[in-house]
Amino acid sequence: MAGRDVAVVAFAQTKHAAADSGLSETEMLQPVIAEVLGQAGLACAQIGFTCSGSCDYLAGAPFSFVSALDAVGAWPPISESHVEMDAAWALYEAWVRLQHGDIDSALVYGFGKSTQGDLREIMTLQLDPYYLAPLGLDQVSLAALQARAYLEASGRTERDLADVAARSLRAAAANPYAVQAEALTVDEVLAQPHAVTPLRPADCAPITDGAAAIVLAAGDLARRLRERPAWIRGIDHRIEAHYPGVRDLTQSASTAQAARAASAGSSGSLGSLGSLGSAGAVGSVRAAGAVEAVGSVGSVRTVGAVGAAGSVRAVGSVGAAGAARPDVAELHAQFSHEELILRDALGLAGDVLVNPSGGPLGANPVMATGLIRIGEAAARIFDGSAARALAHAASGPCLQHNLVCVLEGE
Amino acid sequence: MPSEPAGLFADHALEFPGGYTRSTGPVIGRFLTELRDGRIVGVAAPDGKILVPPFEYDPATGASVGGGPANAETGQYRFVPVGPAGTVTAWAWVRRPRDVHPLRQPFGWALIRMDGADTALLHAVDTGGKEKAMRTGLRVRPRWREASQRVGHIRDIECFVPEVTMLTAPSRVDYRLPAGRALSRFLEGIAQGKILGHRCGVCGQVYVPMRGLCPVDGVPTSEEVEVPDTGTITTFAVNNIPDPRAPQVPFVVAHILLDGADTAILALVGGVPANQVRMGMRVRAAWRPREEWAPSMANIRWFEPTGEADAPAESCEGHF
């Protein structure tokens, strides 16, 4: 990609907990900040830009991110920003900030304590206040609507959902940072009564407290701080219309778009895809299984604006050609069916390792979960187990907003 | 929720007392006003698509819904009545409603494409608590709050309910049926613990119970024969639908060829698990206590295994 080379050089996270530990948010966050700066070998004063992601509704207190700055040490005054979103978007802002060229490092963190309230109903507050929130539509109910739409359109079954849940819980059991939950077999998942049909408790990410932090560095500084930095070859995010009734819930056009844009800069050049016109892109998205709703919602505009093009399927064919195929993918799927929708949208081949950390079904510290996907993917580059990794973060109801980050080792 | 407080905790509520005041704008305001009047309207997007619920912008392009070729004539918002029915395009089922949910008993959430609309409305569907009644494609209509209760709010629609596709028609006619001569005589025998039949004077077949004639030869029969209450199962069925005459579910109904008879009777089989009943099994009638006997087949509760070896196939030739 044109622009400055920026890499993830350090990643730290809490041992995520499903029950309140008795710590305040700041107390929970501080050790993670200390650890990530220690990994990078940087003092706070050496960080060029600091950006965090958190949500005041989790704590029920206004501007709770301000007190979180105590964990960073903001004196003398630092250059700082905050997004009321998952910290993956804070990382995006930091990456953009590093493109300016006047600073070389950034600290990004996200944190949240979902155990302090009723998360399922807190998430209702993010919904449209005229048509959706007044219905008392909780998070699991909304996800279940999308799950049903996807199962009926794809011909997949609740057993396919249980496969995702069982595999994620098994992986999480081997991850010391994940919530320490019991691993379940597919049949044990299927034996659970539904939470909201067709989703069972194991299909839903656990209520989790936790935090995570990442240090980004540009160019030579990255090479000095980490033997094998995880270079951000592409990062992009796309959003769809909010109201679930105006979009096609059975696929994620915004994820496919973000992946296409993020892949355009990876070392395998995707120039041939760029030659397709935007009209062709709309056509091929349709051919890949989109229904008329693709034409009626925001995605058409997005496709046109990207201009790059290709299709949902083209992402897969890129993988087949070996150009942008990741070795590992960390997906921000808070419900089992979301992983299946995302795999489709990303065209992930069956042998790509997905969520080896256990993913959000293993630990879901809201506002940090997306950032952790980038951190887990980067950790695979750090240790040499992956040459290319894909990280995904999501926001909004029913995968409304999706971010894709492509990382590579050198 | 904190499960095991490890320190001090404080209860804390985040609330706008009396509720947060929001202006509706001209499009959402019109929709809510129509709801108060018991009507659902959509708005025409510039390309003519009808958005329900309406938005001020076209979700496909971001353009104001007040413009475009579809609205060229007026240059204003064009509101279009839709429904009153719609079709479920996706749904989820809530087994345990939350306090904030619109219904207290199990219900479905659904995306509902109102007739005449191009987008779907999200609302609750009341199927009387029956999940099996929910499906994609279900036709539903709004159940409105009473007019005096409606305030111009999405919950002026209490929920949606399925269209009527079935009705229950009570049906009953009463009769008084004579048993007839032959059956009366048979039931007299049963009342005394005896199983009677007739032998045909022409073909020699023994009919239990007797009909007073031989259906093979078409001649009257009168030679009375008493047969024992033991016999052989020739075929059977396992029933999983409850029946007031059967002791439990599953239960077994069998054809039993009584020893010395040439026709099988239909009776319950009991005293043995359903999955152990087999063709050729030897059985005996289990009679109710003598003081309960009446001229009725109910005197025999069921047939149960005798424990003898199964009857050889030849003994039931023509009956398997």
# chains A, B, ... in the order shown; residues from 1 in each chain; ligands from 1

call {"tool": "residues_around", "arguments": {"residues": "stretch 7-15 of chain A", "least_positions_apart": "2", "cutoff": "7 Å", "atoms": "only C-alpha atoms", "output": "count of residues only"}}
result
28

call {"tool": "interface_residues", "arguments": {"of": "chain B", "to": "chain A", "cutoff": "7 Å", "atoms": "only C-alpha atoms", "output": "PyMOL selection string"}}
result
chain B and resi 1-3+5-7+14+59-61+90-95+100-102+111+119-122+154-155

call {"tool": "select_by_dssp", "arguments": {"residues": "stretch 91-262 of chain A", "states": "strand (DSSP E)", "output": "ChimeraX atom specification"}}
result
/A:105-113,196-197,209-218,230-239

call {"tool": "closest_residue", "arguments": {"among": "B:Leu32, B:Ala13, B:Ile300, B:Val219", "to": "B:Arg199", "atoms": "only C-alpha atoms"}}
result
B:Val219

call {"tool": "residues_around", "arguments": {"residues": "stretch 232-237 of chain B", "least_positions_apart": "4", "cutoff": "7 Å", "atoms": "only C-alpha atoms", "output": "tab-separated table (two decimals) with all heavy atoms, in the first residue's frame"}}
result
chain	number	residue	atom	x	y	z
B	252	VAL	N	-49.44	-51.02	22.56
B	252	VAL	CA	-49.43	-51.94	21.42
B	252	VAL	C	-50.85	-52.44	21.17
B	252	VAL	O	-51.55	-52.85	22.10
B	252	VAL	CB	-48.50	-53.13	21.70
B	252	VAL	CG1	-48.57	-54.15	20.55
B	252	VAL	CG2	-47.07	-52.63	21.87
B	253	VAL	N	-51.26	-52.36	19.92
B	253	VAL	CA	-52.52	-52.97	19.50
B	253	VAL	C	-52.16	-54.14	18.60
B	253	VAL	O	-51.30	-54.01	17.72
B	253	VAL	CB	-53.39	-51.96	18.72
B	253	VAL	CG1	-54.60	-52.65	18.13
B	253	VAL	CG2	-53.82	-50.84	19.65
B	254	ALA	N	-52.78	-55.30	18.85
B	254	ALA	CA	-52.39	-56.50	18.09
B	254	ALA	C	-53.61	-57.23	17.55
B	254	ALA	O	-54.72	-57.13	18.10
B	254	ALA	CB	-51.58	-57.43	18.98
B	255	HIS	N	-53.38	-57.95	16.47
B	255	HIS	CA	-54.33	-58.97	16.01
B	255	HIS	C	-53.97	-60.24	16.76
B	255	HIS	O	-52.82	-60.68	16.71
B	255	HIS	CB	-54.19	-59.20	14.51
B	255	HIS	CG	-55.17	-58.41	13.72
B	255	HIS	ND1	-55.15	-58.35	12.34
B	255	HIS	CD2	-56.24	-57.65	14.10
B	255	HIS	CE1	-56.13	-57.59	11.92
B	255	HIS	NE2	-56.81	-57.14	12.96
B	256	ILE	N	-54.98	-60.83	17.45
B	256	ILE	CA	-54.71	-62.04	18.22
B	256	ILE	C	-55.61	-63.16	17.70
B	256	ILE	O	-56.85	-63.00	17.65
B	256	ILE	CB	-54.96	-61.79	19.72
B	256	ILE	CG1	-53.93	-60.76	20.23
B	256	ILE	CG2	-54.88	-63.10	20.50
B	256	ILE	CD1	-54.27	-60.16	21.55
B	257	LEU	N	-54.98	-64.23	17.28
B	257	LEU	CA	-55.73	-65.40	16.79
B	257	LEU	C	-55.92	-66.33	17.98
B	257	LEU	O	-54.98	-66.99	18.45
B	257	LEU	CB	-54.93	-66.09	15.68
B	257	LEU	CG	-55.64	-67.25	14.99
B	257	LEU	CD1	-56.90	-66.76	14.25
B	257	LEU	CD2	-54.69	-67.95	14.02
B	258	LEU	N	-57.17	-66.32	18.51
B	258	LEU	CA	-57.43	-67.16	19.69
B	258	LEU	C	-57.35	-68.63	19.28
B	258	LEU	O	-57.69	-69.00	18.15
B	258	LEU	CB	-58.80	-66.82	20.27
B	258	LEU	CG	-58.90	-65.41	20.89
B	258	LEU	CD1	-60.34	-65.09	21.28
B	258	LEU	CD2	-57.97	-65.28	22.09
B	279	MET	N	-44.51	-60.95	16.39
B	279	MET	CA	-45.44	-61.87	15.73
B	279	MET	C	-45.13	-63.28	16.20
B	279	MET	O	-43.96	-63.66	16.33
B	279	MET	CB	-45.29	-61.78	14.21
B	279	MET	CG	-45.87	-60.49	13.65
B	279	MET	SD	-45.27	-60.08	11.99
B	279	MET	CE	-46.03	-61.39	11.05
B	280	GLY	N	-46.19	-64.06	16.53
B	280	GLY	CA	-46.00	-65.42	17.01
B	280	GLY	C	-45.99	-65.51	18.53
B	280	GLY	O	-46.02	-66.60	19.10
B	281	MET	N	-45.96	-64.35	19.20
B	281	MET	CA	-45.94	-64.35	20.67
B	281	MET	C	-47.24	-64.93	21.21
B	281	MET	O	-48.32	-64.63	20.72
B	281	MET	CB	-45.73	-62.93	21.17
B	281	MET	CG	-45.63	-62.81	22.67
B	281	MET	SD	-45.31	-61.08	23.14
B	281	MET	CE	-43.66	-61.26	23.75
B	282	ARG	N	-47.13	-65.80	22.21
B	282	ARG	CA	-48.32	-66.40	22.83
B	282	ARG	C	-48.83	-65.48	23.94
B	282	ARG	O	-48.06	-65.01	24.78
B	282	ARG	CB	-47.93	-67.78	23.41
B	282	ARG	CG	-47.54	-68.80	22.34
B	282	ARG	CD	-48.75	-69.32	21.59
B	282	ARG	NE	-49.62	-70.03	22.51
B	282	ARG	CZ	-50.92	-70.25	22.30
B	282	ARG	NH1	-51.48	-69.81	21.17
B	282	ARG	NH2	-51.64	-70.89	23.17
B	283	VAL	N	-50.14	-65.26	23.96
B	283	VAL	CA	-50.72	-64.33	24.93
B	283	VAL	C	-52.01	-64.89	25.54
B	283	VAL	O	-52.65	-65.80	24.97
B	283	VAL	CB	-51.03	-62.96	24.27
B	283	VAL	CG1	-49.74	-62.22	23.93
B	283	VAL	CG2	-51.91	-63.12	23.04
B	311	ALA	N	-45.40	-69.40	18.86
B	311	ALA	CA	-46.11	-70.37	18.01
B	311	ALA	C	-45.37	-70.51	16.69
B	311	ALA	O	-44.84	-69.52	16.16
B	311	ALA	CB	-47.53	-69.88	17.76
B	319	HIS	N	-52.60	-66.05	8.36
B	319	HIS	CA	-52.92	-64.93	9.26
B	319	HIS	C	-51.76	-63.96	9.42
B	319	HIS	O	-51.96	-62.85	9.88
B	319	HIS	CB	-53.34	-65.46	10.63
B	319	HIS	CG	-54.67	-66.15	10.59
B	319	HIS	ND1	-55.88	-65.49	10.59
B	319	HIS	CD2	-54.97	-67.47	10.51
B	319	HIS	CE1	-56.86	-66.35	10.53
B	319	HIS	NE2	-56.34	-67.58	10.48
B	320	PHE	N	-50.52	-64.40	9.09
B	320	PHE	CA	-49.38	-63.47	9.19
B	320	PHE	C	-49.42	-62.51	8.04
B	320	PHE	O	-49.65	-62.90	6.91
B	320	PHE	CB	-48.06	-64.24	9.17
B	320	PHE	CG	-47.72	-64.83	10.52
B	320	PHE	CD1	-46.85	-65.90	10.65
B	320	PHE	CD2	-48.28	-64.30	11.68
B	320	PHE	CE1	-46.54	-66.44	11.88
B	320	PHE	CE2	-47.97	-64.84	12.92
B	320	PHE	CZ	-47.10	-65.92	13.03

call {"tool": "select_by_dssp", "arguments": {"residues": "stretch 138-228 of chain A", "states": "helix (DSSP H, G or I)", "output": "ChimeraX atom specification"}}
result
/A:139-154,158-173,186-190,201-203,219-225

call {"tool": "closest_residue", "arguments": {"among": "B:Glu131, B:Glu224, B:Asp118, B:Glu308", "to": "B:Leu51", "atoms": "only C-alpha atoms"}}
result
B:Asp118

call {"tool": "residues_around", "arguments": {"residues": "B:Lys130", "least_positions_apart": "4", "cutoff": "10 Å", "atoms": "only C-alpha atoms", "output": "list in words"}}
result
Trp93, Arg95, Gln105, Pro106, Phe107, Gly108, Asp126 and Met134 of chain B

call {"tool": "write_last_selection", "arguments": {"atoms": "N, CA and C atoms", "output": "compact mmCIF listing (two decimals), in the first residue's frame"}}
result
# COMPACT_ATOMS: atom_id res chain seq x y z
N TRP B 93 -36.85 -17.12 18.29
CA TRP B 93 -37.85 -17.48 19.30
C TRP B 93 -37.31 -17.26 20.69
N ARG B 95 -37.69 -17.98 24.50
CA ARG B 95 -38.35 -18.91 25.43
C ARG B 95 -38.67 -18.22 26.75
N GLN B 105 -45.30 -13.92 27.59
CA GLN B 105 -45.17 -15.35 27.33
C GLN B 105 -44.21 -15.55 26.15
N PRO B 106 -43.68 -16.78 25.97
CA PRO B 106 -42.75 -17.03 24.86
C PRO B 106 -43.30 -16.48 23.54
N PHE B 107 -42.42 -15.86 22.76
CA PHE B 107 -42.88 -15.21 21.53
C PHE B 107 -41.75 -15.20 20.52
N GLY B 108 -42.07 -14.77 19.31
CA GLY B 108 -41.08 -14.67 18.26
C GLY B 108 -40.75 -13.21 17.96
N ASP B 126 -46.91 -12.78 18.33
CA ASP B 126 -47.54 -13.62 19.36
C ASP B 126 -48.24 -14.79 18.68
N MET B 134 -44.36 -20.53 14.40
CA MET B 134 -43.51 -19.53 13.75
C MET B 134 -42.81 -20.15 12.56

call {"tool": "residues_around", "arguments": {"residues": "A:Gly3", "least_positions_apart": "5", "cutoff": "10 Å", "atoms": "only C-alpha atoms", "output": "mmCIF file with N, CA, C and O atoms, in the first residue's frame"}}
result
data_model
loop_
_atom_site.group_PDB
_atom_site.id
_atom_site.type_symbol
_atom_site.label_atom_id
_atom_site.label_comp_id
_atom_site.auth_asym_id
_atom_site.auth_seq_id
_atom_site.Cartn_x
_atom_site.Cartn_y
_atom_site.Cartn_z
ATOM 1 N N VAL A 96 -3.827 5.683 11.016
ATOM 2 C CA VAL A 96 -3.982 6.874 10.173
ATOM 3 C C VAL A 96 -3.074 7.996 10.685
ATOM 4 O O VAL A 96 -2.393 8.678 9.911
ATOM 5 N N LEU A 98 -0.302 7.738 12.285
ATOM 6 C CA LEU A 98 1.098 7.445 11.972
ATOM 7 C C LEU A 98 1.411 7.742 10.503
ATOM 8 O O LEU A 98 2.564 7.977 10.146
ATOM 9 N N GLN A 99 0.393 7.722 9.650
ATOM 10 C CA GLN A 99 0.622 8.043 8.241
ATOM 11 C C GLN A 99 1.066 9.493 8.063
ATOM 12 O O GLN A 99 1.655 9.839 7.047
ATOM 13 N N HIS A 100 0.772 10.345 9.049
ATOM 14 C CA HIS A 100 1.185 11.748 8.930
ATOM 15 C C HIS A 100 2.701 11.876 8.859
ATOM 16 O O HIS A 100 3.220 12.841 8.312
ATOM 17 N N GLY A 101 3.412 10.934 9.472
ATOM 18 C CA GLY A 101 4.866 10.918 9.319
ATOM 19 C C GLY A 101 5.631 11.663 10.381
ATOM 20 O O GLY A 101 6.858 11.594 10.411
#

call {"tool": "atom_distance", "arguments": {"atom1": "atom CA of A:Leu390", "atom2": "atom CA of A:Ile374"}}
result
7.9 Å

call {"tool": "residues_around", "arguments": {"residues": "B:Val82", "least_positions_apart": "2", "cutoff": "12 Å", "atoms": "only C-alpha atoms", "output": "VMD selection string"}}
result
chain B and resid 31 34 to 35 38 to 44 50 to 54 79 to 80 84 to 86 112 to 121 141 to 142

call {"tool": "residues_around", "arguments": {"residues": "B:Leu213", "least_positions_apart": "6", "cutoff": "12 Å", "atoms": "only C-alpha atoms", "output": "list in words"}}
result
Arg181, Ala182, Leu183, Gly197, His198, Arg199, Cys200, Gly201, Val202, Cys203, Gln205, Val206, Tyr207, Val219, Pro220, Thr221, Ser222, Glu223 and Glu224 of chain B

call {"tool": "atom_distance", "arguments": {"atom1": "atom CA of A:Val72", "atom2": "atom CA of A:Leu58"}}
result
20.3 Å

call {"tool": "atom_distance", "arguments": {"atom1": "atom CA of B:Glu163", "atom2": "atom CA of B:Phe55"}}
result
27.4 Å

call {"tool": "decode", "arguments": {"residues": "stretch 146-174 of chain B", "atoms": "N, CA, C and O atoms", "output": "PDB file, in the first residue's frame"}}
result
ATOM      1  N   GLU B 146     -55.490  -0.422  22.188  1.00  0.00           N
ATOM      2  CA  GLU B 146     -56.750   0.316  22.078  1.00  0.00           C
ATOM      3  C   GLU B 146     -56.458   1.757  21.679  1.00  0.00           C
ATOM      4  O   GLU B 146     -55.463   2.335  22.118  1.00  0.00           O
ATOM      5  N   ALA B 147     -57.363   2.342  20.893  1.00  0.00           N
ATOM      6  CA  ALA B 147     -57.130   3.684  20.355  1.00  0.00           C
ATOM      7  C   ALA B 147     -56.778   4.680  21.464  1.00  0.00           C
ATOM      8  O   ALA B 147     -55.888   5.520  21.303  1.00  0.00           O
ATOM      9  N   SER B 148     -57.447   4.571  22.586  1.00  0.00           N
ATOM     10  CA  SER B 148     -57.212   5.558  23.656  1.00  0.00           C
ATOM     11  C   SER B 148     -55.837   5.379  24.293  1.00  0.00           C
ATOM     12  O   SER B 148     -55.350   6.270  24.973  1.00  0.00           O
ATOM     13  N   GLN B 149     -55.238   4.223  24.087  1.00  0.00           N
ATOM     14  CA  GLN B 149     -53.930   3.941  24.678  1.00  0.00           C
ATOM     15  C   GLN B 149     -52.782   4.310  23.737  1.00  0.00           C
ATOM     16  O   GLN B 149     -51.631   4.290  24.125  1.00  0.00           O
ATOM     17  N   ARG B 150     -53.117   4.565  22.441  1.00  0.00           N
ATOM     18  CA  ARG B 150     -52.040   4.783  21.469  1.00  0.00           C
ATOM     19  C   ARG B 150     -51.518   6.214  21.583  1.00  0.00           C
ATOM     20  O   ARG B 150     -52.286   7.159  21.707  1.00  0.00           O
ATOM     21  N   VAL B 151     -50.181   6.335  21.531  1.00  0.00           N
ATOM     22  CA  VAL B 151     -49.572   7.651  21.743  1.00  0.00           C
ATOM     23  C   VAL B 151     -48.685   8.091  20.580  1.00  0.00           C
ATOM     24  O   VAL B 151     -48.136   9.192  20.603  1.00  0.00           O
ATOM     25  N   GLY B 152     -48.568   7.236  19.530  1.00  0.00           N
ATOM     26  CA  GLY B 152     -47.641   7.549  18.453  1.00  0.00           C
ATOM     27  C   GLY B 152     -46.279   6.988  18.775  1.00  0.00           C
ATOM     28  O   GLY B 152     -45.304   7.717  19.002  1.00  0.00           O
ATOM     29  N   HIS B 153     -46.199   5.661  18.820  1.00  0.00           N
ATOM     30  CA  HIS B 153     -45.005   4.952  19.287  1.00  0.00           C
ATOM     31  C   HIS B 153     -45.006   3.584  18.619  1.00  0.00           C
ATOM     32  O   HIS B 153     -46.067   3.054  18.297  1.00  0.00           O
ATOM     33  N   ILE B 154     -43.782   3.024  18.426  1.00  0.00           N
ATOM     34  CA  ILE B 154     -43.694   1.736  17.738  1.00  0.00           C
ATOM     35  C   ILE B 154     -44.471   0.662  18.495  1.00  0.00           C
ATOM     36  O   ILE B 154     -44.952  -0.309  17.929  1.00  0.00           O
ATOM     37  N   ARG B 155     -44.645   0.877  19.810  1.00  0.00           N
ATOM     38  CA  ARG B 155     -45.390  -0.114  20.584  1.00  0.00           C
ATOM     39  C   ARG B 155     -46.893   0.174  20.618  1.00  0.00           C
ATOM     40  O   ARG B 155     -47.625  -0.467  21.373  1.00  0.00           O
ATOM     41  N   ASP B 156     -47.364   1.143  19.805  1.00  0.00           N
ATOM     42  CA  ASP B 156     -48.813   1.225  19.574  1.00  0.00           C
ATOM     43  C   ASP B 156     -49.280  -0.064  18.903  1.00  0.00           C
ATOM     44  O   ASP B 156     -50.436  -0.460  19.017  1.00  0.00           O
ATOM     45  N   ILE B 157     -48.371  -0.692  18.175  1.00  0.00           N
ATOM     46  CA  ILE B 157     -48.609  -2.072  17.738  1.00  0.00           C
ATOM     47  C   ILE B 157     -48.130  -2.945  18.891  1.00  0.00           C
ATOM     48  O   ILE B 157     -46.948  -2.943  19.222  1.00  0.00           O
ATOM     49  N   GLU B 158     -49.082  -3.623  19.523  1.00  0.00           N
ATOM     50  CA  GLU B 158     -48.713  -4.450  20.669  1.00  0.00           C
ATOM     51  C   GLU B 158     -47.756  -5.536  20.202  1.00  0.00           C
ATOM     52  O   GLU B 158     -46.740  -5.814  20.822  1.00  0.00           O
ATOM     53  N   CYS B 159     -48.115  -6.132  19.073  1.00  0.00           N
ATOM     54  CA  CYS B 159     -47.314  -7.188  18.463  1.00  0.00           C
ATOM     55  C   CYS B 159     -48.039  -7.542  17.166  1.00  0.00           C
ATOM     56  O   CYS B 159     -49.060  -6.950  16.853  1.00  0.00           O
ATOM     57  N   PHE B 160     -47.498  -8.502  16.449  1.00  0.00           N
ATOM     58  CA  PHE B 160     -48.209  -9.040  15.293  1.00  0.00           C
ATOM     59  C   PHE B 160     -48.762 -10.424  15.649  1.00  0.00           C
ATOM     60  O   PHE B 160     -48.240 -11.091  16.554  1.00  0.00           O
ATOM     61  N   VAL B 161     -49.815 -10.803  14.961  1.00  0.00           N
ATOM     62  CA  VAL B 161     -50.402 -12.131  15.186  1.00  0.00           C
ATOM     63  C   VAL B 161     -50.618 -12.797  13.828  1.00  0.00           C
ATOM     64  O   VAL B 161     -50.830 -12.110  12.815  1.00  0.00           O
ATOM     65  N   PRO B 162     -50.549 -14.123  13.778  1.00  0.00           N
ATOM     66  CA  PRO B 162     -50.721 -14.815  12.494  1.00  0.00           C
ATOM     67  C   PRO B 162     -52.102 -14.571  11.907  1.00  0.00           C
ATOM     68  O   PRO B 162     -53.076 -14.392  12.640  1.00  0.00           O
ATOM     69  N   GLU B 163     -52.159 -14.556  10.585  1.00  0.00           N
ATOM     70  CA  GLU B 163     -53.463 -14.504   9.920  1.00  0.00           C
ATOM     71  C   GLU B 163     -54.234 -15.775  10.226  1.00  0.00           C
ATOM     72  O   GLU B 163     -53.647 -16.806  10.560  1.00  0.00           O
ATOM     73  N   VAL B 164     -55.538 -15.690  10.070  1.00  0.00           N
ATOM     74  CA  VAL B 164     -56.375 -16.855  10.346  1.00  0.00           C
ATOM     75  C   VAL B 164     -56.262 -17.831   9.170  1.00  0.00           C
ATOM     76  O   VAL B 164     -56.503 -17.464   8.019  1.00  0.00           O
ATOM     77  N   THR B 165     -55.835 -19.052   9.458  1.00  0.00           N
ATOM     78  CA  THR B 165     -55.772 -20.076   8.408  1.00  0.00           C
ATOM     79  C   THR B 165     -56.526 -21.327   8.812  1.00  0.00           C
ATOM     80  O   THR B 165     -56.682 -22.235   8.025  1.00  0.00           O
ATOM     81  N   MET B 166     -56.969 -21.400  10.063  1.00  0.00           N
ATOM     82  CA  MET B 166     -57.669 -22.589  10.545  1.00  0.00           C
ATOM     83  C   MET B 166     -58.834 -22.137  11.402  1.00  0.00           C
ATOM     84  O   MET B 166     -58.780 -21.059  12.004  1.00  0.00           O
ATOM     85  N   LEU B 167     -59.876 -22.977  11.480  1.00  0.00           N
ATOM     86  CA  LEU B 167     -60.887 -22.745  12.485  1.00  0.00           C
ATOM     87  C   LEU B 167     -61.271 -24.090  13.062  1.00  0.00           C
ATOM     88  O   LEU B 167     -61.033 -25.128  12.456  1.00  0.00           O
ATOM     89  N   THR B 168     -61.860 -24.065  14.242  1.00  0.00           N
ATOM     90  CA  THR B 168     -62.295 -25.288  14.887  1.00  0.00           C
ATOM     91  C   THR B 168     -63.809 -25.340  14.808  1.00  0.00           C
ATOM     92  O   THR B 168     -64.477 -24.407  15.259  1.00  0.00           O
ATOM     93  N   ALA B 169     -64.340 -26.405  14.198  1.00  0.00           N
ATOM     94  CA  ALA B 169     -65.784 -26.536  14.033  1.00  0.00           C
ATOM     95  C   ALA B 169     -66.284 -27.667  14.921  1.00  0.00           C
ATOM     96  O   ALA B 169     -66.021 -28.828  14.648  1.00  0.00           O
ATOM     97  N   PRO B 170     -67.012 -27.344  15.998  1.00  0.00           N
ATOM     98  CA  PRO B 170     -67.559 -28.410  16.849  1.00  0.00           C
ATOM     99  C   PRO B 170     -68.479 -29.301  16.010  1.00  0.00           C
ATOM    100  O   PRO B 170     -69.242 -28.816  15.179  1.00  0.00           O
ATOM    101  N   SER B 171     -68.392 -30.610  16.196  1.00  0.00           N
ATOM    102  CA  SER B 171     -69.182 -31.538  15.389  1.00  0.00           C
ATOM    103  C   SER B 171     -69.547 -32.736  16.247  1.00  0.00           C
ATOM    104  O   SER B 171     -68.662 -33.404  16.781  1.00  0.00           O
ATOM    105  N   ARG B 172     -70.848 -32.957  16.423  1.00  0.00           N
ATOM    106  CA  ARG B 172     -71.270 -34.086  17.242  1.00  0.00           C
ATOM    107  C   ARG B 172     -72.696 -34.459  16.868  1.00  0.00           C
ATOM    108  O   ARG B 172     -73.558 -33.598  16.720  1.00  0.00           O
ATOM    109  N   VAL B 173     -72.928 -35.766  16.686  1.00  0.00           N
ATOM    110  CA  VAL B 173     -74.272 -36.294  16.438  1.00  0.00           C
ATOM    111  C   VAL B 173     -74.431 -37.500  17.348  1.00  0.00           C
ATOM    112  O   VAL B 173     -73.501 -38.304  17.466  1.00  0.00           O
ATOM    113  N   ASP B 174     -75.572 -37.621  17.981  1.00  0.00           N
ATOM    114  CA  ASP B 174     -75.765 -38.721  18.930  1.00  0.00           C
ATOM    115  C   ASP B 174     -76.627 -39.827  18.336  1.00  0.00           C
ATOM    116  O   ASP B 174     -77.583 -39.562  17.602  1.00  0.00           O
TER     117      ASP B 174
END
